[in-house]
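Text of the file model-v6.cif, holding mmCIF, C-alpha atoms:
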```
data_work
#
loop_
_atom_site.group_PDB
_atom_site.id
_atom_site.type_symbol
_atom_site.label_atom_id
_atom_site.label_comp_id
_atom_site.auth_asym_id
_atom_site.auth_seq_id
_atom_site.Cartn_x
_atom_site.Cartn_y
_atom_site.Cartn_z
ATOM 1 C CA MET F 1 19.664 34.672 -61.995
ATOM 2 C CA ASN F 2 16.943 35.007 -59.426
ATOM 3 C CA VAL F 3 15.579 31.858 -57.935
ATOM 4 C CA ARG F 4 12.326 32.066 -56.049
ATOM 5 C CA ILE F 5 11.221 29.385 -53.684
ATOM 6 C CA ASP F 6 7.527 29.421 -52.866
ATOM 7 C CA ALA F 7 6.501 28.559 -49.327
ATOM 8 C CA PRO F 8 3.913 25.810 -49.014
ATOM 9 C CA GLU F 9 0.340 26.974 -48.548
ATOM 10 C CA HIS F 10 -0.118 25.070 -45.301
ATOM 11 C CA PRO F 11 2.959 24.700 -43.169
ATOM 12 C CA VAL F 12 3.529 21.166 -41.976
ATOM 13 C CA ALA F 13 3.483 20.922 -38.178
ATOM 14 C CA ALA F 14 6.046 18.749 -36.526
ATOM 15 C CA PRO F 15 4.522 15.686 -34.904
ATOM 16 C CA ALA F 16 3.938 16.064 -31.191
ATOM 17 C CA PRO F 17 6.439 14.162 -29.091
ATOM 18 C CA VAL F 18 5.046 11.068 -27.464
ATOM 19 C CA ALA F 19 5.124 11.398 -23.692
ATOM 20 C CA ALA F 20 6.771 8.584 -21.819
ATOM 21 C CA PRO F 21 4.466 6.732 -19.447
ATOM 22 C CA ALA F 22 4.624 7.911 -15.863
ATOM 23 C CA PRO F 23 6.813 5.673 -13.736
ATOM 24 C CA GLN F 24 4.856 3.418 -11.431
ATOM 25 C CA PRO F 25 5.878 3.442 -7.784
ATOM 26 C CA VAL F 26 7.731 0.358 -6.707
ATOM 27 C CA ALA F 27 5.521 -1.603 -4.404
ATOM 28 C CA GLY F 28 7.437 -2.578 -1.320
ATOM 29 C CA PRO F 29 6.354 -4.974 1.355
ATOM 30 C CA GLU F 30 3.126 -4.052 3.061
ATOM 31 C CA THR F 31 3.493 -2.664 6.541
ATOM 32 C CA CYS F 32 1.038 -1.954 9.289
ATOM 33 C CA LYS F 33 1.169 1.761 8.503
ATOM 34 C CA SER F 34 0.763 1.372 4.733
ATOM 35 C CA VAL F 35 -2.272 -0.904 5.116
ATOM 36 C CA LEU F 36 -3.769 1.340 7.781
ATOM 37 C CA LEU F 37 -3.554 4.393 5.512
ATOM 38 C CA ALA F 38 -4.747 2.434 2.459
ATOM 39 C CA LYS F 39 -7.861 1.431 4.381
ATOM 40 C CA GLY F 40 -8.633 5.107 5.031
ATOM 41 C CA HIS F 41 -7.802 5.326 8.719
ATOM 42 C CA PRO F 42 -6.570 8.714 9.963
ATOM 43 C CA ALA F 43 -2.877 9.359 10.477
ATOM 44 C CA ALA F 44 -3.514 9.562 14.231
ATOM 45 C CA SER F 45 -4.131 5.784 14.163
ATOM 46 C CA LEU F 46 -0.545 5.103 13.082
ATOM 47 C CA VAL F 47 0.530 5.085 16.721
ATOM 48 C CA HIS F 48 -1.147 1.668 17.052
ATOM 49 C CA CYS F 49 1.456 0.223 14.667
ATOM 50 C CA ASP F 50 4.395 0.951 16.958
ATOM 51 C CA GLY F 51 5.973 -2.169 18.433
ATOM 52 C CA VAL F 52 3.718 -4.734 16.758
ATOM 53 C CA ASN F 53 4.590 -7.718 14.615
ATOM 54 C CA GLN F 54 4.188 -6.456 11.032
ATOM 55 C CA VAL F 55 2.958 -9.741 9.544
ATOM 56 C CA CYS F 56 0.301 -10.115 12.227
ATOM 57 C CA ALA F 57 -0.702 -6.453 11.977
ATOM 58 C CA VAL F 58 -1.149 -6.564 8.198
ATOM 59 C CA ALA F 59 -3.266 -9.716 8.462
ATOM 60 C CA LEU F 60 -5.352 -8.229 11.282
ATOM 61 C CA LEU F 61 -6.071 -5.022 9.376
ATOM 62 C CA LYS F 62 -6.841 -6.852 6.137
ATOM 63 C CA ALA F 63 -9.299 -9.017 8.052
ATOM 64 C CA GLY F 64 -11.225 -5.828 8.846
ATOM 65 C CA HIS F 65 -10.360 -5.385 12.507
ATOM 66 C CA SER F 66 -9.922 -1.940 14.027
ATOM 67 C CA PRO F 67 -6.504 -0.401 14.691
ATOM 68 C CA ALA F 68 -7.190 -0.654 18.428
ATOM 69 C CA GLN F 69 -6.996 -4.455 18.070
ATOM 70 C CA LEU F 70 -3.359 -4.217 16.963
ATOM 71 C CA VAL F 71 -2.355 -4.487 20.606
ATOM 72 C CA HIS F 72 -2.874 -8.252 20.219
ATOM 73 C CA CYS F 73 -0.023 -8.391 17.669
ATOM 74 C CA GLY F 74 2.514 -7.115 20.196
ATOM 75 C CA ASP F 75 4.829 -9.849 21.469
ATOM 76 C CA ILE F 76 4.065 -12.861 19.320
ATOM 77 C CA GLU F 77 6.305 -15.882 19.276
ATOM 78 C CA ASP F 78 4.215 -18.042 16.911
ATOM 79 C CA VAL F 79 3.224 -15.797 14.001
ATOM 80 C CA GLY F 80 1.859 -18.763 12.038
ATOM 81 C CA CYS F 81 -0.619 -19.520 14.793
ATOM 82 C CA ALA F 82 -1.692 -15.874 14.960
ATOM 83 C CA LEU F 83 -2.303 -15.854 11.214
ATOM 84 C CA GLN F 84 -4.409 -19.013 11.482
ATOM 85 C CA VAL F 85 -6.486 -17.405 14.228
ATOM 86 C CA LEU F 86 -7.145 -14.350 12.069
ATOM 87 C CA ARG F 87 -7.811 -16.320 8.863
ATOM 88 C CA SER F 88 -10.308 -18.533 10.658
ATOM 89 C CA GLY F 89 -12.378 -15.472 11.542
ATOM 90 C CA ARG F 90 -11.805 -15.614 15.267
ATOM 91 C CA ALA F 91 -11.358 -12.500 17.370
ATOM 92 C CA PRO F 92 -7.861 -11.000 17.649
ATOM 93 C CA ALA F 93 -8.036 -11.530 21.424
ATOM 94 C CA GLN F 94 -7.686 -15.270 20.714
ATOM 95 C CA ILE F 95 -4.110 -14.717 19.529
ATOM 96 C CA VAL F 96 -3.032 -14.866 23.176
ATOM 97 C CA HIS F 97 -3.593 -18.631 23.059
ATOM 98 C CA CYS F 98 -0.812 -19.007 20.447
ATOM 99 C CA ASP F 99 1.994 -18.429 22.954
#
```
Translate this file's structure into structure tokens.
Amino acid sequence: MNVRIDAPEHPVAAPAPVAAPAPQPVAGPETCKSVLLAKGHPAASLVHCDGVNQVCAVALLKAGHSPAQLVHCGDIEDVGCALQVLRSGRAPAQIVHCD
């Protein structure tokens, strides 16, 4: 007994595997360097972030001040006062009055 199995006219393609979504990077705390690079400043400006208070530096950069102004976020004892100075729109040089 011969049994013949006919192949289908149009082979059925296996469904394409669904790609998993790309993992999103875990957002860590913002730092002076991360904000500086995100704002498009060159890597050479990263040197201004060395030795500064990170909270003050992030606020200063987000307020639109230049990296050269980061020197005013050096030795800060009252970070809250420095943040108020920056949020009020005053110049970073006024931070000196917080100590």
Exactly which residues make up the result of the PyMOL selection byres ((chain F and resi 56) around 7) on this file, given as an mmCIF file with C-alpha atoms, in the coordinates of the input?
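Result file follows (part_24.cif):
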```cif
data_model
loop_
_atom_site.group_PDB
_atom_site.id
_atom_site.type_symbol
_atom_site.label_atom_id
_atom_site.label_comp_id
_atom_site.auth_asym_id
_atom_site.auth_seq_id
_atom_site.Cartn_x
_atom_site.Cartn_y
_atom_site.Cartn_z
ATOM 1 C CA ASN F 53 4.590 -7.718 14.615
ATOM 2 C CA GLN F 54 4.188 -6.456 11.032
ATOM 3 C CA VAL F 55 2.958 -9.741 9.544
ATOM 4 C CA ALA F 57 -0.702 -6.453 11.977
ATOM 5 C CA VAL F 58 -1.149 -6.564 8.198
ATOM 6 C CA ALA F 59 -3.266 -9.716 8.462
ATOM 7 C CA LEU F 60 -5.352 -8.229 11.282
ATOM 8 C CA CYS F 73 -0.023 -8.391 17.669
ATOM 9 C CA VAL F 79 3.224 -15.797 14.001
ATOM 10 C CA ALA F 82 -1.692 -15.874 14.960
ATOM 11 C CA LEU F 83 -2.303 -15.854 11.214
#
```
Draw an axis-aligned box over all listed atoms of range 46-61 of chain F, pad each side with 5 Å, and write its centre and edge lengths in Å, one decimal, as JSON.
```
{"center_x": 0.0, "center_y": -2.5, "center_z": 13.3, "size_x": 22.0, "size_y": 25.2, "size_z": 20.2}
```
- Which residues match the PyMOL selection byres ((chain F and resi 45) around 10) in the file above, as a list in words?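 Applying the expression gives Lys33, Leu36, Leu37, His41, Pro42, Ala43, Ala44, Leu46, Val47, His48, Cys49, Ser66, Pro67 and Ala68 of chain F.
Taking CA of Ser34 in chain F and CA of Gly80 in chain F as endpoints, the distance between them is 21.4 Å.
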- Could you tell me which residues the PyMOL selection byres ((chain F and resi 81) around 10) grabs in this file, written as a list in words?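 Selected by the PyMOL selection byres ((chain F and resi 81) around 10) here: Cys56, Ile76, Glu77, Asp78, Val79, Gly80, Ala82, Leu83, Gln84, Val85, Leu86, Arg87, Ile95, Val96, His97, Cys98 and Asp99 of chain F.
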- Message: Considering all atoms listed in the file, can you say which of F:Ala19, F:Ala91, F:Ala38, F:Pro29 comes closest to Lys62 in chain F?
- Response: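 Checking each candidate against Lys62 in chain F, we get F:Ala38 as the closest.
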- Item | Atom-to-atom span, CA of Gly40 in chain F and CA of Gln94 in chain F, Å | 25.7 Å
- In Å, how far is it from CA of Arg90 in chain F to CA of Lys39 in chain F?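 Spanning CA of Arg90 in chain F to CA of Lys39 in chain F is a straight-line distance of 20.6 Å.
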- Message: I need the residue nearest Gly51 in chain F from this list: F:Ala63, F:Ser88, F:Val35, F:Val71. Use all atoms listed in the file for the distance.
- Response: F:Val71
Rebuild N, CA and C atoms on range 69-92 of chain F, as a tab-separated table (two decimals), in the coordinates of the input?
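Written out: result_13.tsv:
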```tsv
chain	number	residue	atom	x	y	z
F	69	GLN	N	-7.25	-3.03	17.85
F	69	GLN	CA	-7.00	-4.46	18.07
F	69	GLN	C	-5.54	-4.85	17.81
F	70	LEU	N	-4.76	-3.92	17.26
F	70	LEU	CA	-3.36	-4.22	16.96
F	70	LEU	C	-2.55	-4.54	18.21
F	71	VAL	N	-3.05	-4.19	19.36
F	71	VAL	CA	-2.36	-4.49	20.61
F	71	VAL	C	-2.14	-6.00	20.75
F	72	HIS	N	-2.99	-6.80	20.12
F	72	HIS	CA	-2.87	-8.25	20.22
F	72	HIS	C	-1.73	-8.81	19.36
F	73	CYS	N	-1.16	-7.97	18.51
F	73	CYS	CA	-0.02	-8.39	17.67
F	73	CYS	C	1.31	-7.94	18.27
F	74	GLY	N	1.30	-7.61	19.55
F	74	GLY	CA	2.51	-7.12	20.20
F	74	GLY	C	3.63	-8.13	20.24
F	75	ASP	N	3.75	-8.87	21.30
F	75	ASP	CA	4.83	-9.85	21.47
F	75	ASP	C	4.32	-11.23	21.07
F	76	ILE	N	4.53	-11.57	19.83
F	76	ILE	CA	4.07	-12.86	19.32
F	76	ILE	C	5.28	-13.73	19.03
F	77	GLU	N	5.24	-14.94	19.56
F	77	GLU	CA	6.30	-15.88	19.28
F	77	GLU	C	5.94	-16.77	18.09
F	78	ASP	N	4.68	-17.14	17.98
F	78	ASP	CA	4.22	-18.04	16.91
F	78	ASP	C	3.33	-17.26	15.95
F	79	VAL	N	3.96	-16.63	14.96
F	79	VAL	CA	3.22	-15.80	14.00
F	79	VAL	C	2.29	-16.66	13.16
F	80	GLY	N	2.71	-17.86	12.83
F	80	GLY	CA	1.86	-18.76	12.04
F	80	GLY	C	0.54	-19.05	12.73
F	81	CYS	N	0.60	-19.27	14.02
F	81	CYS	CA	-0.62	-19.52	14.79
F	81	CYS	C	-1.51	-18.29	14.79
F	82	ALA	N	-0.91	-17.11	14.96
F	82	ALA	CA	-1.69	-15.87	14.96
F	82	ALA	C	-2.39	-15.67	13.62
F	83	LEU	N	-1.69	-15.99	12.54
F	83	LEU	CA	-2.30	-15.85	11.21
F	83	LEU	C	-3.46	-16.83	11.04
F	84	GLN	N	-3.31	-18.04	11.57
F	84	GLN	CA	-4.41	-19.01	11.48
F	84	GLN	C	-5.62	-18.54	12.27
F	85	VAL	N	-5.39	-17.94	13.42
F	85	VAL	CA	-6.49	-17.40	14.23
F	85	VAL	C	-7.24	-16.34	13.44
F	86	LEU	N	-6.51	-15.44	12.81
F	86	LEU	CA	-7.14	-14.35	12.07
F	86	LEU	C	-7.84	-14.86	10.81
F	87	ARG	N	-7.21	-15.79	10.10
F	87	ARG	CA	-7.81	-16.32	8.86
F	87	ARG	C	-9.05	-17.15	9.14
F	88	SER	N	-9.14	-17.72	10.33
F	88	SER	CA	-10.31	-18.53	10.66
F	88	SER	C	-11.49	-17.68	11.10
F	89	GLY	N	-11.28	-16.36	11.19
F	89	GLY	CA	-12.38	-15.47	11.54
F	89	GLY	C	-12.57	-15.26	13.03
F	90	ARG	N	-11.67	-15.80	13.82
F	90	ARG	CA	-11.80	-15.61	15.27
F	90	ARG	C	-11.33	-14.23	15.67
F	91	ALA	N	-11.69	-13.83	16.86
F	91	ALA	CA	-11.36	-12.50	17.37
F	91	ALA	C	-9.86	-12.39	17.63
F	92	PRO	N	-9.28	-11.19	17.40
F	92	PRO	CA	-7.86	-11.00	17.65
F	92	PRO	C	-7.45	-11.33	19.09
```
